[in-house]
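Engineer: Got a file for you: my_file.txt, compact mmCIF, C-alpha atoms.
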# COMPACT_ATOMS: atom_id res chain seq x y z
CA MET A 656 100.15 58.62 113.91
CA SER A 657 99.43 61.20 111.22
CA GLY A 658 101.70 64.21 111.14
CA PRO A 659 100.84 67.64 112.53
CA VAL A 660 97.91 69.49 111.08
CA THR A 661 98.88 72.19 108.61
CA SER A 662 97.43 75.68 108.76
CA ARG A 663 95.97 77.93 106.11
CA THR A 664 97.06 81.51 105.67
CA ASP A 665 94.08 82.67 107.74
CA GLY A 666 95.35 80.69 110.75
CA THR A 667 92.66 77.99 110.70
CA ALA A 668 93.57 74.32 110.60
CA ALA A 669 93.53 72.59 107.21
CA VAL A 670 91.56 69.53 108.28
CA ASP A 671 88.92 67.82 106.16
CA ALA A 672 86.82 64.70 106.60
CA ASP A 673 89.34 62.43 104.87
CA ALA A 674 92.18 63.68 107.07
CA LEU A 675 90.12 62.98 110.17
CA ARG A 676 89.28 59.46 109.00
CA ARG A 677 92.99 58.78 108.44
CA ARG A 678 93.80 59.99 111.94
CA VAL A 679 91.09 57.77 113.40
CA ALA A 680 92.47 54.80 111.44
CA ASP A 681 95.96 55.52 112.77
CA LEU A 682 94.63 55.70 116.33
CA LEU A 683 92.79 52.39 115.99
CA ALA A 684 95.82 50.71 114.42
CA ALA A 685 98.06 51.77 117.29
CA HIS A 686 95.48 51.17 120.04
CA ASP A 687 93.10 48.32 119.22
CA PRO A 688 90.00 48.90 121.39
CA ALA A 689 89.64 45.13 121.86
CA THR A 690 93.02 44.83 123.58
CA THR A 691 93.73 48.33 124.91
CA ASP A 692 92.78 49.38 128.43
CA ARG A 693 89.85 51.81 128.38
CA LEU A 694 91.69 54.67 130.10
CA ASP A 695 94.79 54.17 127.97
CA PHE A 696 92.65 54.39 124.84
CA LEU A 697 90.96 57.60 126.00
CA ARG A 698 94.32 59.19 126.79
CA ALA A 699 95.63 58.20 123.36
CA ARG A 700 92.53 59.64 121.69
CA PHE A 701 93.02 62.93 123.52
CA ASP A 702 96.70 63.07 122.58
CA ALA A 703 95.81 62.37 118.94
CA GLY A 704 93.62 65.50 118.87
CA LEU A 705 90.42 63.49 118.46
CA ALA A 706 88.75 64.29 121.80
CA TRP A 707 87.16 67.62 120.80
CA ILE A 708 88.65 68.46 117.44
CA HIS A 709 87.82 72.19 117.62
CA PHE A 710 90.16 72.64 120.60
CA PRO A 711 93.79 73.63 119.88
CA GLU A 712 96.49 71.08 119.15
CA GLY A 713 97.97 69.69 122.33
CA LEU A 714 94.72 70.19 124.22
CA GLY A 715 92.73 67.31 122.79
CA GLY A 716 92.01 68.92 119.45
CA LEU A 717 93.28 69.92 116.04
CA GLY A 718 91.90 73.43 115.70
CA ALA A 719 89.44 71.94 113.21
CA PRO A 720 85.83 72.92 112.53
CA ARG A 721 83.57 71.69 115.30
CA ALA A 722 81.02 70.52 112.74
CA LEU A 723 83.37 67.67 111.76
CA GLN A 724 83.35 66.07 115.23
CA PRO A 725 80.55 63.57 114.35
CA ILE A 726 82.85 62.00 111.74
CA VAL A 727 85.28 61.07 114.49
CA ASP A 728 82.60 59.97 116.94
CA ARG A 729 80.79 57.73 114.45
CA ALA A 730 84.00 56.07 113.23
CA LEU A 731 85.17 55.27 116.75
CA GLU A 732 81.74 54.02 117.80
CA ALA A 733 81.64 51.71 114.79
CA ALA A 734 85.03 50.32 115.81
CA GLY A 735 83.80 49.53 119.31
CA ALA A 736 86.01 52.14 120.94
CA PRO A 737 85.13 53.19 124.52
CA ASP A 738 83.61 56.60 125.18
CA ASN A 739 84.41 58.86 128.12
CA ALA A 740 81.01 58.40 129.85
CA PRO A 741 79.86 61.95 129.05
CA ARG A 742 76.76 61.75 131.27
CA ARG A 743 78.98 61.07 134.27
CA ILE A 744 81.35 63.95 133.57
CA GLY A 745 78.88 66.35 131.97
CA ILE A 746 79.72 69.28 134.28
CA GLY A 747 83.37 69.07 133.34
CA LEU A 748 82.73 68.64 129.62
CA GLY A 749 79.86 71.09 129.25
CA MET A 750 80.87 73.83 131.69
CA ALA A 751 84.44 73.67 133.03
CA ALA A 752 86.17 72.80 129.75
CA PRO A 753 84.81 75.67 127.61
CA THR A 754 85.49 78.09 130.47
CA LEU A 755 89.08 76.87 130.83
CA LEU A 756 89.56 77.09 127.07
CA ARG A 757 88.36 80.68 126.88
CA HIS A 758 89.66 82.13 130.15
CA GLY A 759 92.34 79.77 131.48
CA THR A 760 96.09 80.16 131.20
CA ASP A 761 98.18 77.77 129.11
CA ALA A 762 99.33 76.04 132.30
CA GLN A 763 95.76 75.64 133.53
CA ARG A 764 94.59 74.17 130.25
CA ARG A 765 97.49 71.69 130.18
CA ARG A 766 96.88 70.66 133.79
CA PHE A 767 93.11 70.24 133.77
CA LEU A 768 91.76 69.43 130.30
CA ARG A 769 93.18 65.96 129.69
CA PRO A 770 92.03 64.28 132.95
CA LEU A 771 88.75 66.19 132.65
CA TRP A 772 88.03 64.72 129.23
CA THR A 773 89.11 61.18 130.08
CA GLY A 774 86.99 61.23 133.23
CA GLU A 775 89.93 60.69 135.57
CA GLU A 776 88.91 63.87 137.41
CA MET A 777 85.27 64.88 137.90
CA TRP A 778 84.10 68.47 138.33
CA CYS A 779 81.29 70.24 140.15
CA GLN A 780 79.91 73.79 140.15
CA LEU A 781 80.18 75.92 143.30
CA PHE A 782 77.93 78.82 142.30
CA SER A 783 74.52 78.92 144.04
CA GLU A 784 74.19 79.83 147.71
CA PRO A 785 71.30 79.79 150.21
CA GLY A 786 70.93 83.55 149.73
CA ALA A 787 72.01 83.74 146.10
CA GLY A 788 70.14 81.38 143.81
CA SER A 789 68.24 83.18 141.07
CA ASP A 790 70.23 86.32 141.91
CA LEU A 791 73.61 84.61 141.67
CA ALA A 792 75.56 87.89 141.67
CA ALA A 793 74.43 88.49 145.27
CA LEU A 794 76.68 85.64 146.47
CA ALA A 795 78.38 86.10 149.84
CA THR A 796 81.18 83.50 149.88
CA ARG A 797 84.36 85.51 150.55
CA ALA A 798 87.88 85.10 149.21
CA THR A 799 90.60 87.20 150.87
CA ARG A 800 94.20 87.51 149.72
CA ASP A 801 96.84 85.44 151.46
CA GLY A 802 100.52 86.04 150.86
CA GLU A 803 102.47 87.72 148.08
CA GLY A 804 104.62 86.71 145.13
CA ASP A 805 104.93 83.08 144.06
CA GLY A 806 103.21 81.87 147.22
CA ALA A 807 100.20 84.14 146.85
CA GLY A 808 96.79 82.65 147.35
CA TRP A 809 93.27 83.18 148.66
CA ILE A 810 91.42 82.05 151.78
CA VAL A 811 87.80 81.14 151.04
CA ASP A 812 84.93 80.95 153.53
CA GLY A 813 81.26 80.44 152.74
CA GLN A 814 78.51 78.02 151.79
CA LYS A 815 77.31 76.69 148.44
CA VAL A 816 74.15 74.72 147.74
CA TRP A 817 72.50 72.49 145.09
CA THR A 818 75.94 71.24 144.06
CA SER A 819 75.56 68.23 141.80
CA GLN A 820 78.30 65.58 142.05
CA ALA A 821 80.20 67.43 144.78
CA HIS A 822 80.51 64.10 146.59
CA LEU A 823 82.40 62.69 143.59
CA ALA A 824 84.26 65.71 142.26
CA ARG A 825 88.01 66.31 142.36
CA TRP A 826 87.67 69.96 141.33
CA GLY A 827 85.01 72.64 141.58
CA ILE A 828 84.50 75.83 139.61
CA LEU A 829 83.95 78.45 142.30
CA LEU A 830 82.65 82.01 142.43
CA ALA A 831 83.65 84.07 145.47
CA ARG A 832 83.42 87.74 146.46
CA THR A 833 86.80 89.45 146.58
CA ASP A 834 85.70 93.08 146.95
CA PRO A 835 82.49 93.86 148.89
CA ASP A 836 82.91 97.59 148.24
CA LEU A 837 82.11 97.18 144.54
CA PRO A 838 78.68 96.56 142.99
CA LYS A 839 77.72 92.93 143.18
CA HIS A 840 78.59 92.02 139.58
CA ARG A 841 82.04 93.63 139.74
CA GLY A 842 83.51 92.31 142.99
CA ILE A 843 83.48 88.60 142.12
CA THR A 844 86.44 86.38 141.16
CA TYR A 845 86.41 82.92 139.59
CA PHE A 846 88.54 80.07 141.00
CA VAL A 847 89.21 76.36 140.63
CA CYS A 848 88.75 74.76 144.06
CA ASP A 849 90.36 71.50 145.20
CA MET A 850 87.45 69.46 146.56
CA THR A 851 89.85 67.26 148.56
CA ASP A 852 90.97 70.19 150.71
CA PRO A 853 90.26 69.51 154.41
CA GLY A 854 88.34 72.80 154.61
CA VAL A 855 85.75 71.52 152.09
CA ASP A 856 82.79 69.81 153.79
CA VAL A 857 80.29 68.14 151.41
CA ARG A 858 76.91 67.19 152.90
CA PRO A 859 74.09 65.41 151.05
CA LEU A 860 70.76 67.13 150.34
CA ARG A 861 67.94 64.61 150.09
CA GLN A 862 65.43 65.48 147.40
CA ILE A 863 61.76 64.75 146.84
CA THR A 864 62.85 61.63 144.90
CA GLY A 865 64.66 60.26 147.96
CA GLU A 866 68.04 60.66 146.30
CA ALA A 867 70.84 62.93 147.42
CA GLU A 868 71.96 63.86 143.93
CA PHE A 869 72.66 67.40 145.16
CA ASN A 870 74.83 68.57 148.03
CA GLU A 871 75.53 71.57 150.17
CA VAL A 872 79.18 72.50 150.50
CA PHE A 873 80.73 74.38 153.41
CA LEU A 874 84.06 76.12 152.77
CA THR A 875 86.07 76.92 155.90
CA GLY A 876 89.50 78.44 155.52
CA VAL A 877 90.03 76.80 152.14
CA ARG A 878 93.30 78.02 150.65
CA ILE A 879 93.33 78.36 146.86
CA PRO A 880 96.62 79.26 145.16
CA ASP A 881 96.46 82.29 142.91
CA ASP A 882 97.42 80.18 139.90
CA HIS A 883 94.03 78.48 140.28
CA ARG A 884 92.25 81.76 139.56
CA LEU A 885 90.52 82.02 136.16
CA GLY A 886 90.48 85.50 134.67
CA GLU A 887 91.35 88.74 136.38
CA VAL A 888 90.51 89.62 139.97
CA GLY A 889 87.04 91.14 140.13
CA GLU A 890 86.06 89.93 136.64
CA GLY A 891 84.58 86.61 137.71
CA TRP A 892 81.10 87.51 136.51
CA GLN A 893 82.33 87.76 132.91
CA VAL A 894 84.00 84.37 133.25
CA ALA A 895 80.88 82.92 134.88
CA ARG A 896 78.73 84.00 131.94
CA THR A 897 80.78 81.70 129.71
CA THR A 898 80.06 78.85 132.12
CA LEU A 899 76.35 79.62 132.41
CA MET A 900 75.74 79.93 128.67
CA ASN A 901 77.50 76.64 128.05
CA GLU A 902 75.56 75.01 130.91
CA ARG A 903 72.22 75.93 129.37
CA VAL A 904 73.26 74.63 125.98
CA ALA A 905 74.51 71.40 127.61
CA ILE A 906 71.13 70.93 129.34
CA GLY A 907 68.75 71.98 126.59
CA GLY A 908 70.77 71.83 123.38
CA ALA A 909 72.04 68.26 123.20
CA ARG A 910 71.74 66.48 119.85
CA VAL A 911 69.47 63.46 120.31
CA PRO A 912 67.58 61.03 118.04
CA ARG A 913 63.85 61.27 117.40
CA GLU A 914 61.65 60.06 120.27
CA SER A 915 64.51 60.10 122.72
CA GLY A 916 63.99 60.87 126.39
CA MET A 917 60.62 60.95 128.09
CA ILE A 918 58.50 61.52 124.98
CA GLY A 919 59.75 58.20 123.62
CA LEU A 920 58.84 56.38 126.82
CA VAL A 921 55.29 57.75 126.82
CA ALA A 922 54.81 57.09 123.10
CA ASP A 923 56.00 53.51 123.58
CA THR A 924 53.53 52.95 126.43
CA TRP A 925 50.74 54.38 124.25
CA ARG A 926 51.52 51.96 121.44
CA ARG A 927 51.86 48.89 123.64
CA ARG A 928 48.85 49.42 125.90
CA PRO A 929 45.74 50.46 123.97
CA GLU A 930 43.57 49.91 127.06
CA LEU A 931 45.03 53.11 128.56
CA ARG A 932 44.08 55.37 125.67
CA THR A 933 41.51 58.17 125.77
CA HIS A 934 40.73 60.86 123.23
CA ASP A 935 41.88 63.65 125.53
CA LEU A 936 45.20 61.96 126.31
CA HIS A 937 45.70 61.23 122.62
CA GLN A 938 45.38 64.91 121.73
CA ARG A 939 47.80 65.91 124.48
CA LEU A 940 50.32 63.28 123.45
CA LEU A 941 50.20 64.44 119.83
CA ARG A 942 50.81 68.06 120.85
CA LEU A 943 53.71 67.15 123.13
CA TRP A 944 55.22 64.86 120.50
CA VAL A 945 55.22 67.73 118.01
CA ASP A 946 56.66 70.11 120.62
CA ALA A 947 59.41 67.62 121.50
CA GLU A 948 60.31 67.10 117.85
CA ALA A 949 60.39 70.86 117.23
CA ALA A 950 62.65 71.26 120.26
CA ARG A 951 64.91 68.47 119.05
CA LEU A 952 65.31 70.03 115.60
CA THR A 953 65.91 73.45 117.15
CA ALA A 954 68.64 71.91 119.30
CA GLU A 955 70.21 70.52 116.12
CA ARG A 956 70.22 73.99 114.62
CA LEU A 957 71.66 75.45 117.81
CA GLY A 958 74.44 72.89 117.64
CA GLN A 959 75.22 74.01 114.10
CA GLN A 960 75.42 77.62 115.28
CA LEU A 961 77.74 76.60 118.10
CA ALA A 962 80.13 75.18 115.55
CA LEU A 963 80.73 78.75 114.40
CA GLY A 964 81.51 80.30 117.80
CA HIS A 965 80.64 80.67 121.45
CA PRO A 966 77.09 79.99 122.71
CA GLY A 967 74.77 82.94 123.02
CA PRO A 968 71.49 83.60 124.82
CA GLU A 969 69.63 81.25 122.49
CA GLY A 970 70.70 78.40 124.76
CA SER A 971 68.49 79.87 127.46
CA GLY A 972 65.48 79.33 125.21
CA MET A 973 66.38 75.69 124.67
CA LYS A 974 66.87 75.06 128.38
CA LEU A 975 63.50 76.73 129.09
CA ALA A 976 61.79 74.49 126.52
CA PHE A 977 63.52 71.40 127.93
CA ALA A 978 62.18 72.10 131.43
CA ARG A 979 58.62 72.76 130.27
CA LEU A 980 58.49 69.68 128.06
CA ASN A 981 59.89 67.35 130.71
CA GLN A 982 57.35 68.52 133.25
CA GLU A 983 54.36 68.31 130.89
CA ILE A 984 55.37 64.92 129.48
CA SER A 985 56.00 63.40 132.91
CA GLY A 986 52.60 64.67 134.05
CA LEU A 987 50.94 63.11 131.02
CA GLU A 988 52.69 59.80 131.70
CA VAL A 989 51.36 59.66 135.27
CA GLU A 990 47.82 60.37 134.03
CA LEU A 991 48.12 57.79 131.28
CA LEU A 992 49.16 55.08 133.75
CA ALA A 993 46.47 56.11 136.30
CA GLU A 994 46.90 54.30 139.63
CA GLU A 995 49.96 52.52 138.30
CA GLY A 996 51.61 55.88 137.67
CA LEU A 997 51.36 56.80 141.34
CA GLY A 998 53.75 54.04 142.39
CA TYR A 999 57.36 54.66 143.25
CA ASP A 1000 60.06 52.02 143.09
CA ASP A 1001 62.57 53.03 145.75
CA TRP A 1002 62.83 55.77 148.38
CA THR A 1003 66.24 54.62 149.59
CA LEU A 1004 68.75 57.42 150.11
CA THR A 1005 71.28 57.06 147.29
CA ARG A 1006 73.95 59.39 145.90
CA PRO A 1007 73.91 58.80 142.13
CA GLU A 1008 76.59 59.85 139.68
CA HIS A 1009 74.08 61.36 137.24
CA VAL A 1010 70.36 61.82 136.65
CA ASP A 1011 68.67 58.85 134.97
CA PHE A 1012 65.22 59.79 133.68
CA THR A 1013 64.75 56.66 131.59
CA GLY A 1014 65.93 53.96 133.97
CA ARG A 1015 63.33 54.57 136.68
CA ASP A 1016 59.53 54.51 136.86
CA ALA A 1017 56.95 57.16 135.97
CA GLY A 1018 56.64 58.36 139.56
CA TYR A 1019 60.35 59.11 139.70
CA ARG A 1020 60.27 60.99 136.40
CA TYR A 1021 57.32 63.10 137.53
CA LEU A 1022 59.01 64.11 140.78
CA ARG A 1023 62.51 64.65 139.34
CA ALA A 1024 61.25 66.80 136.45
CA LYS A 1025 60.07 69.41 138.96
CA GLY A 1026 63.68 70.43 139.41
CA ASN A 1027 64.22 71.10 135.71
CA SER A 1028 62.76 74.61 135.97
CA ILE A 1029 65.21 75.47 138.78
CA GLU A 1030 68.55 73.83 137.96
CA GLY A 1031 70.78 75.44 135.37
CA GLY A 1032 69.01 78.78 135.76
CA THR A 1033 65.42 79.22 136.88
CA SER A 1034 62.79 79.57 134.19
CA GLU A 1035 62.01 83.09 135.43
CA VAL A 1036 65.65 84.18 135.00
CA LEU A 1037 65.81 82.59 131.54
CA LEU A 1038 62.66 84.42 130.48
CA ASN A 1039 64.36 87.70 131.41
CA ILE A 1040 67.45 86.75 129.41
CA ILE A 1041 65.36 85.89 126.36
CA ALA A 1042 63.34 89.11 126.69
CA GLU A 1043 66.40 91.34 127.00
CA ARG A 1044 69.09 89.63 124.92
CA VAL A 1045 67.07 87.86 122.22
CA LEU A 1046 63.96 90.01 121.78
CA GLY A 1047 65.68 93.30 122.67
CA LEU A 1048 63.07 94.35 125.22
CA PRO A 1049 64.01 96.92 127.89
CA PRO A 1050 65.36 95.40 131.13
CA GLU A 1051 63.41 95.47 134.33
CA PRO A 1052 64.24 98.41 136.64
CA ARG A 1053 67.10 97.56 139.02
CA THR A 1054 67.90 99.56 142.13
CA ASP A 1055 70.84 97.40 143.26
CA LYS A 1056 72.96 97.31 140.13
CA ASP A 1057 75.30 100.19 140.98
CA ALA A 1058 75.26 100.01 144.79
CA ALA A 1059 78.15 98.48 146.72
CA TRP A 1060 77.44 94.85 147.59
CA LYS A 1061 78.09 95.47 151.28
CA ASP A 1062 75.26 98.03 151.37
CA LEU A 1063 72.62 95.73 149.88
CA PRO A 1064 69.95 94.28 152.19
CA ARG A 1065 70.29 90.54 152.83
Go through the file and emit its structure as structure tokens.

Structural biologist:
Amino acid sequence: MSGPVTSRTDGTAAVDADALRRRVADLLAAHDPATTDRLDFLRARFDAGLAWIHFPEGLGGLGAPRALQPIVDRALEAAGAPDNAPRRIGIGLGMAAPTLLRHGTDAQRRRFLRPLWTGEEMWCQLFSEPGAGSDLAALATRATRDGEGDGAGWIVDGQKVWTSQAHLARWGILLARTDPDLPKHRGITYFVCDMTDPGVDVRPLRQITGEAEFNEVFLTGVRIPDDHRLGEVGEGWQVARTTLMNERVAIGGARVPRESGMIGLVADTWRRRPELRTHDLHQRLLRLWVDAEAARLTAERLGQQLALGHPGPEGSGMKLAFARLNQEISGLEVELLAEEGLGYDDWTLTRPEHVDFTGRDAGYRYLRAKGNSIEGGTSEVLLNIIAERVLGLPPEPRTDKDAAWKDLPR
């Protein structure tokens, strides 16, 4: 393989497009995708620093500019190399990994990042609770200290809800209250929870689609070692903000080709079936096509901004637009198909690995899109974030911000 990446005097990695292409060529020469086991290839790619090149050396990257990642991805795709099934492990890639990178210890990064990226270990998000959804900081799951010194840990008790992929996950990113005497944002600590612990009880939540894509999770006497804590005790809200901002970018800021997703499906139906067309539906389709293209290009620009640093509140705007577009487009599709659009292919209880908007019928898409304005931050919460942190408007009056959590009505 190519030698170690050199550094400039300013501490950044001296990596250019040609150097990356040479490293890809070295990887392919040593691990022919046609004869190498898929998992072995992914591990080798991570070790070569070609997983996410902006991560540090030794952690799947080269400390290189994030904007150069497409060079690696396109070259490996052209060679027929396997990918790491990003849709299946999106929570780990889009939420856990950037949080570990920014707030984790060296030991935590070395332990978790490689199997996270290769897909050997799936992740879920243990944030929302029955009494703390839109107001996440009101969460009641408790973590109390257990032991001292090297054997120190935490005992966790509580309930989480709307947990995607909890039935598949090896690890969960968990928020728990460690000091009820502090205001709600200041008494929270962030942990990595072992989902195989006997105190973790995952139960399916059947949705309007018939699927149980989500779960509720009951935590009873779950012991988490202190070395699975991310960030300082009581500073979990600051760590969680990194997760949430990355989540919203992952949902609404993905780089996609023109006419991808639901707008492409509806446009294709319009072209193939002229008997369904009306003037009113034509005007609505044109407007939504333009909106979808504007959102796609904005997501491209957001991705370019991300290459320069950590995601900001702009990701909330993209996630808000994603939810609105999906719901309007799926509604238009049902109207376009008329009676045919009211059909539904399968109400069987299943527990899928990921959401598939394109592989099901119009009825499924219409029902599933209703959740887009709730998951990943409700649209109402995102509007507040945009108003306060993007437009600079004054925040809404809050009477609970400085009161101890234990004194708040629930």

Engineer: Restricting the calculation to all atoms listed in the file: of A:Leu920, A:Ile828, A:Cys848, A:Ile744, which residue gets closest to Val1010 in chain A?

Structural biologist: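 Closest to Val1010 in chain A of all the choices is A:Ile744.
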
Engineer: Find the residues near Ile843 in chain A: any atom within 8 Å, counting all atoms listed in the file, skip ones fewer than 2 places away on the same chain, and give them as a ChimeraX atom specification.

Structural biologist: /A:792,830-834,839-841,845,888-892

Engineer: Find the residue from A:Ala752, A:Val727, A:Arg769, A:Leu943 that sits nearest to Ala699 in chain A; use only C-alpha atoms when measuring.

Structural biologist: A:Arg769

Engineer: Any idea what the distance is between CA of Arg765 in chain A and CA of Asp673 in chain A?

Structural biologist: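 According to the coordinates, CA of Arg765 in chain A and CA of Asp673 in chain A are separated by 28.2 Å.
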
Engineer: One decimal, Å: what's the distance from CA of Ala1024 in chain A over to CA of Gln982 in chain A, could you say?

Structural biologist: 5.3 Å

Engineer: Just give me the gap between CA of Gly865 in chain A and CA of Thr1003 in chain A in Å, one decimal is fine.

Structural biologist: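 Value for the CA of Gly865 in chain A-CA of Thr1003 in chain A distance: 6.1 Å.
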
Engineer: Between A:Ala762, A:Leu1063, A:Leu940, A:Val679, which residue has the minimum interatomic distance to Leu731 in chain A, considering all atoms listed in the file?

Structural biologist: A:Val679

Engineer: Do a neighbour search on Ala689 in chain A at 10 Å with only C-alpha atoms, toss out local chain neighbours closer than 2 positions, and write the hits as a PyMOL selection string.

Structural biologist: chain A and resi 683+686-687+691-693+734-737

Engineer: Measuring atom to atom with all atoms listed in the file, identify which of A:Phe696, A:Phe869, A:Tyr999, A:Trp772 is nearest to Gly715 in chain A.

Structural biologist: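 Ranking A:Phe696, A:Phe869, A:Tyr999, A:Trp772 by distance to Gly715 in chain A, first place goes to A:Trp772.
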
Engineer: Determine the nearest neighbour of Leu768 in chain A from the options A:Thr818, A:Glu784, A:Ala706, A:Leu723, counting all atoms listed in the file.

Structural biologist: A:Ala706

Engineer: From the list A:Leu756, A:Ala895, A:Leu697, A:Met850, which residue is nearest His709 in chain A when using all atoms listed in the file?

Structural biologist: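 Selected residue with least distance to His709 in chain A: A:Leu756.
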
Engineer: Tell me which protein, DNA and RNA residues are within 8 Å of range 1038-1046 of chain A, counting only C-alpha atoms, leaving out same-chain ones fewer than 4 positions away, and put them as a PDB file with C-alpha atoms, in the coordinates of the input.

Structural biologist:
ATOM      1  CA  PRO A 968      71.490  83.600 124.820  1.00  0.00           C
ATOM      2  CA  GLU A 969      69.630  81.250 122.490  1.00  0.00           C
ATOM      3  CA  SER A 971      68.490  79.870 127.460  1.00  0.00           C
ATOM      4  CA  GLY A 972      65.480  79.330 125.210  1.00  0.00           C
ATOM      5  CA  LEU A 975      63.500  76.730 129.090  1.00  0.00           C
ATOM      6  CA  SER A1034      62.790  79.570 134.190  1.00  0.00           C
ATOM      7  CA  PRO A1050      65.360  95.400 131.130  1.00  0.00           C
TER       8      PRO A1050
END

Engineer: Enumerate, as an MDAnalysis selection string, the protein, DNA and RNA residues whose atoms approach (68.6, 93.4, 151.4) to within 12 Å, taking into account all atoms listed in the file and the coordinate frame of the file.

Structural biologist: chainID A and resid 786:787 790 793 1054:1055 1058:1065

Engineer: Limited to C-alpha atoms, could you put the picked residues into a file as a PDB file, in the coordinates of the input?

Structural biologist:
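Written out: part.pdb:
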ATOM      1  CA  GLY A 786      70.930  83.550 149.730  1.00  0.00           C
ATOM      2  CA  ALA A 787      72.010  83.740 146.100  1.00  0.00           C
ATOM      3  CA  ASP A 790      70.230  86.320 141.910  1.00  0.00           C
ATOM      4  CA  ALA A 793      74.430  88.490 145.270  1.00  0.00           C
ATOM      5  CA  THR A1054      67.900  99.560 142.130  1.00  0.00           C
ATOM      6  CA  ASP A1055      70.840  97.400 143.260  1.00  0.00           C
ATOM      7  CA  ALA A1058      75.260 100.010 144.790  1.00  0.00           C
ATOM      8  CA  ALA A1059      78.150  98.480 146.720  1.00  0.00           C
ATOM      9  CA  TRP A1060      77.440  94.850 147.590  1.00  0.00           C
ATOM     10  CA  LYS A1061      78.090  95.470 151.280  1.00  0.00           C
ATOM     11  CA  ASP A1062      75.260  98.030 151.370  1.00  0.00           C
ATOM     12  CA  LEU A1063      72.620  95.730 149.880  1.00  0.00           C
ATOM     13  CA  PRO A1064      69.950  94.280 152.190  1.00  0.00           C
ATOM     14  CA  ARG A1065      70.290  90.540 152.830  1.00  0.00           C
TER      15      ARG A1065
END

Engineer: Mind checking which residues fall within 10 Å of Trp1002 in chain A, counting only C-alpha atoms, ignoring those fewer than 5 positions away in the same chain, and posting them as a PyMOL selection string?

Structural biologist: chain A and resi 863-866+1019

Engineer: Skip Asp695 in chain A itself and residues of its chain fewer than 5 positions away, then list as a list in words all residues within 12 Å of it, counting only C-alpha atoms.

Structural biologist: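 Within the cut-off, the hits are Leu682, Ala685, His686, Asp687, Pro688, Thr690, Arg700, Phe701, Asp702, Ala736, Pro737, Asp738, Asn739, Pro770, Thr773, Gly774 and Glu775 of chain A.
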